[in-house]
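Read through the structure below, which is laid out as structure tokens, and then see the notes.
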Amino acid sequence: MKAISRFVAIRRDLHQIPELGFQEVKTQHYLLRYIQSLPQERLQVRTWKTGIFVKVNGTSPRKTIGYRADMDGLPIREETGLPYRSTHDGCMHACGHDVHMSIALGVLTHFAHHPIQDDLLFIFQPAEEGPGGAKPMIESDIMQEWKPDMILALHIAPEYPVGTIATKEGLLFANTSELFIDLKGKGGHAAFPHLANDMVVAACALVTQLQSIVARNVDPLDSAVITIGKITGGTVQNVIAERARLEGTIRTLSAAAMQKVKRRIEAIVHGVEVAYECEAAIDYGAMYHQVYNDPELTAEFMKFAAAHGGVNVISCKEAMTGEDFGYMLADIPGFMFWLGVESPYGLHHAKLAPNEEAIDRAIAFLIDYFSWKGNSEV
Ligand SMILES: CC(=O)N[C@@H](CCC[C@H](N)C(=O)O)C(=O)O
């Protein structure tokens, strides 16, 4: 059997204990125990809800470089069949946050032993998948006190080979808003539809009509996505459903498109209320700011990576993914990049299985990047 590295082992441990947003109690405990095993001379550790800040004091700091890793899993039942699969039934690290955390621990470990001139701030952030930990974390007293001068983060990319780094200057990820629509009609006997207002039929009509917004209301040169990921309604096969609930997400490249999509959703939902004689309530849940990479820092990073030799740098297109790291980038200059982990199954898939070779390679690359950036004047 092939020996695995320390940080691959850590990733496997974390993979087995995925937890939903703001419930990352075991994950936080695991991370803290590991961080406490490092030399403490230069470390300052503070917890924030289920997250953690770790400051590594530099030898003669002129700036602070922030690095963020997200911590939460998704409500997905894992189907990888791996020996180290999730032990939390119905919950899975299907977005790679276990990989993100193990890479962050690898980089932190190096600098706890070998500090550089500048200060480093490692941010282990809860609730990226929802309801969003980045915004409250950045508003916290700890972040205000330890606010970095620049910040970066990575996200695994199953579609790229190991060794790939992909990013771009400017807009990288979309604006997002969750979408929850509750419909209430009149239930009844399956045999007497004329005496009821069927919310399964209303929900089906609504899902189809919502798709027309992207096709007919958004400028084709702009981009938007409306995905309804979950529908619930009714109680049993021979009873007309009194209630139905749609759960989804909206993605747009521009803030103006987000406003327009929401206006159209409200109009269409109102139309369904009239047509299906029901009551509807819309809740937009959590909204994430777009991820906008600082052009100068991103260009400098890509130049560094291209000269590095250990990675292949790609200039990619923007994606309709969302990331609350966008809130950190709205406040602090920095960037996000994709890290290739070549998995046949994509993000948010029950069979996502990142190639773990990416972990040690990313750690080595980031150590070189931080060593260079954290010893340079700017
Ligand atoms: C990287 C990634 O996959 N992020 C999530 C963020 C979800 C935010 C929120 N819950 C929503 O659905 O709008 C994504 O789905 O893009």
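Naming works like this for the structure tokens: A, B, ... for the chains as they're shown, residue 1 at the start of each chain, ligands 1 onward in shown order.
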Next on the checklist: What parts of segment 37-157 of chain A does DSSP call strand (DSSP E or B)? I'd like the answer as a PyMOL selection string.
Outcome noted: chain A and resi 43-48+51-56+64-70+74+92+119-125+150-157
Just-selected residues, C-alpha atoms written as a PDB file, in the first residue's frame:
```pdb
ATOM      1  CA  LEU A  43       1.625  31.771  17.160  1.00  0.00           C
ATOM      2  CA  GLN A  44      -1.407  33.615  18.458  1.00  0.00           C
ATOM      3  CA  VAL A  45      -4.588  31.574  18.248  1.00  0.00           C
ATOM      4  CA  ARG A  46      -8.130  32.867  18.711  1.00  0.00           C
ATOM      5  CA  THR A  47     -11.426  31.150  18.071  1.00  0.00           C
ATOM      6  CA  TRP A  48     -14.427  32.855  16.537  1.00  0.00           C
ATOM      7  CA  GLY A  51     -13.830  29.238  13.146  1.00  0.00           C
ATOM      8  CA  ILE A  52     -10.211  29.945  14.081  1.00  0.00           C
ATOM      9  CA  PHE A  53      -7.715  32.750  13.504  1.00  0.00           C
ATOM     10  CA  VAL A  54      -4.013  31.889  13.744  1.00  0.00           C
ATOM     11  CA  LYS A  55      -1.470  34.689  13.546  1.00  0.00           C
ATOM     12  CA  VAL A  56       2.143  33.768  12.861  1.00  0.00           C
ATOM     13  CA  THR A  64       0.281  40.895   7.132  1.00  0.00           C
ATOM     14  CA  ILE A  65      -0.629  38.318   4.521  1.00  0.00           C
ATOM     15  CA  GLY A  66      -3.971  36.563   5.078  1.00  0.00           C
ATOM     16  CA  TYR A  67      -4.824  33.055   3.939  1.00  0.00           C
ATOM     17  CA  ARG A  68      -8.335  31.691   4.239  1.00  0.00           C
ATOM     18  CA  ALA A  69      -9.564  28.067   4.266  1.00  0.00           C
ATOM     19  CA  ASP A  70     -13.242  27.192   4.592  1.00  0.00           C
ATOM     20  CA  LEU A  74     -22.634  19.787   2.460  1.00  0.00           C
ATOM     21  CA  MET A  92     -20.018  15.119   2.987  1.00  0.00           C
ATOM     22  CA  ASP A 119       3.085  38.389   9.709  1.00  0.00           C
ATOM     23  CA  LEU A 120       0.782  35.693   8.369  1.00  0.00           C
ATOM     24  CA  LEU A 121      -2.863  35.314   9.309  1.00  0.00           C
ATOM     25  CA  PHE A 122      -4.492  31.921   8.742  1.00  0.00           C
ATOM     26  CA  ILE A 123      -8.273  32.079   8.772  1.00  0.00           C
ATOM     27  CA  PHE A 124     -10.265  28.863   9.165  1.00  0.00           C
ATOM     28  CA  GLN A 125     -13.731  30.023   8.184  1.00  0.00           C
ATOM     29  CA  MET A 150      -3.630  41.304   1.419  1.00  0.00           C
ATOM     30  CA  ILE A 151      -5.466  37.990   1.388  1.00  0.00           C
ATOM     31  CA  LEU A 152      -5.733  34.874  -0.742  1.00  0.00           C
ATOM     32  CA  ALA A 153      -7.592  31.583  -0.883  1.00  0.00           C
ATOM     33  CA  LEU A 154      -7.842  28.602  -3.180  1.00  0.00           C
ATOM     34  CA  HIS A 155     -10.642  26.333  -4.309  1.00  0.00           C
ATOM     35  CA  ILE A 156     -10.201  22.822  -5.646  1.00  0.00           C
ATOM     36  CA  ALA A 157     -11.087  22.320  -9.319  1.00  0.00           C
TER      37      ALA A 157
END
```
Next on the checklist: Please find the residues contacting ligand 1 at a distance of at most 9 Å between atoms, with only C-alpha atoms and all ligand atoms counted, and report them as number ranges by chain.
Outcome noted: A: 95-96, 128-132, 155-156, 173-179, 227, 248-251, 285-288, 320-324, 347-348
Take the residues from that selection and write them out as a short mmCIF file (atom, residue, chain, number, x, y, z; two decimals), in the first residue's frame, keeping C-alpha atoms.
```cif
data_model
loop_
_atom_site.label_atom_id
_atom_site.label_comp_id
_atom_site.auth_asym_id
_atom_site.auth_seq_id
_atom_site.Cartn_x
_atom_site.Cartn_y
_atom_site.Cartn_z
CA CYS A 95 -16.74 20.84 -2.11
CA GLY A 96 -13.17 20.10 -1.05
CA GLU A 128 -19.01 28.94 3.30
CA GLU A 129 -21.78 26.83 1.76
CA GLY A 130 -24.26 28.78 3.83
CA PRO A 131 -25.35 30.86 5.57
CA GLY A 132 -21.95 32.57 5.11
CA HIS A 155 -10.64 26.33 -4.31
CA ILE A 156 -10.20 22.82 -5.65
CA PHE A 173 -16.98 34.17 -9.29
CA ALA A 174 -20.58 35.35 -9.55
CA ASN A 175 -22.91 37.27 -7.24
CA THR A 176 -25.21 34.76 -5.57
CA SER A 177 -28.47 34.72 -3.70
CA GLU A 178 -30.25 31.76 -2.22
CA LEU A 179 -33.93 31.44 -3.12
CA THR A 227 -31.21 26.56 -10.24
CA GLY A 248 -32.66 27.20 -5.14
CA THR A 249 -29.99 29.70 -5.94
CA ILE A 250 -29.53 32.65 -8.28
CA ARG A 251 -26.17 33.48 -9.87
CA GLY A 285 -31.67 33.65 2.31
CA ALA A 286 -27.93 34.29 2.15
CA MET A 287 -26.39 36.50 -0.54
CA TYR A 288 -22.71 36.47 -1.49
CA MET A 320 -20.98 31.03 -11.85
CA THR A 321 -19.87 29.52 -8.56
CA GLY A 322 -20.36 31.65 -5.47
CA GLU A 323 -17.92 32.19 -2.61
CA ASP A 324 -18.35 34.34 0.46
CA LEU A 347 -17.96 19.77 -7.03
CA HIS A 348 -21.10 19.02 -5.01
#
```
Kindly provide the residues of segment 65-184 of chain A that approach segment 190-212 of chain A to within 10 Å, each paired with its closest atom pair and their distance in Å to one decimal, based on only C-alpha atoms, listed by chain and increasing number, as a Markdown table.
```
| residue | atom | partner | partner_atom | distance |
| --- | --- | --- | --- | --- |
| A:Ile181 | CA | A:Ala203 | CA | 9.2 |
| A:Asp182 | CA | A:Ala203 | CA | 9.2 |
| A:Leu183 | CA | A:Met199 | CA | 6.5 |
| A:Lys184 | CA | A:Met199 | CA | 6.7 |
```
Write out the residues from the selection above, keeping N, CA and C atoms, as a PDB file, in the first residue's frame.
```pdb
ATOM      1  N   ILE A 181     -38.955  29.573  -1.965  1.00  0.00           N
ATOM      2  CA  ILE A 181     -40.330  30.010  -2.260  1.00  0.00           C
ATOM      3  C   ILE A 181     -41.306  29.013  -1.633  1.00  0.00           C
ATOM      4  N   ASP A 182     -42.183  29.517  -0.775  1.00  0.00           N
ATOM      5  CA  ASP A 182     -43.199  28.673  -0.145  1.00  0.00           C
ATOM      6  C   ASP A 182     -44.548  28.950  -0.780  1.00  0.00           C
ATOM      7  N   LEU A 183     -45.231  27.895  -1.184  1.00  0.00           N
ATOM      8  CA  LEU A 183     -46.560  28.017  -1.795  1.00  0.00           C
ATOM      9  C   LEU A 183     -47.593  27.370  -0.876  1.00  0.00           C
ATOM     10  N   LYS A 184     -48.709  28.074  -0.714  1.00  0.00           N
ATOM     11  CA  LYS A 184     -49.791  27.494   0.102  1.00  0.00           C
ATOM     12  C   LYS A 184     -51.104  27.596  -0.661  1.00  0.00           C
TER      13      LYS A 184
END
```
Checklist entry - So what do you get for atom CA of Val214 of chain A versus atom CA of Ala255 of chain A, distance-wise? => result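 Separating atom CA of Val214 of chain A from atom CA of Ala255 of chain A is a distance of 14.6 Å.
In this structure, atom CA of Gln117 of chain A sits 26.3 Å away from atom CA of Arg33 of chain A.
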Checklist entry - What is the distance, in Å and to one decimal place, between atom CA of Ala257 of chain A and atom CA of Ala281 of chain A? => result 21.6 Å
Checklist entry - Which of these residues is nearest to His270 of chain A, using only C-alpha atoms: A:His100, A:Gln16, A:Ile282, A:Tyr30? => result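 Closest to His270 of chain A, using only C-alpha atoms: A:Ile282.
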Next on the checklist: Give me, as an NGL selection string, all polymer residues having an atom no more than 10 Å from Arg62 of chain A, counting only C-alpha atoms and skipping those fewer than 6 positions away in the same chain.
Outcome noted: :A and (117-119 or 149 or 374-378)
Next on the checklist: Need to verify the contact set: segment 332-335 of chain A, 9 Å, only C-alpha atoms, exclusion of same-chain residues closer than 3 positions in sequence. Can you return it as a ChimeraX atom specification?
Outcome noted: /A:66,147-154,167-170,172,291-298,301,327-329
Item to check | Among the residues A:Gly229, A:Gly326, A:Pro161, A:Gly271, the one that comes closest to Ser343 of chain A [using only C-alpha atoms] | outcome: A:Pro161
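Candidate residues A:Asn238, A:Ser102, A:Ser223, A:Gln40 were compared for distance to Gly188 of chain A, and the nearest is A:Asn238, using only C-alpha atoms.
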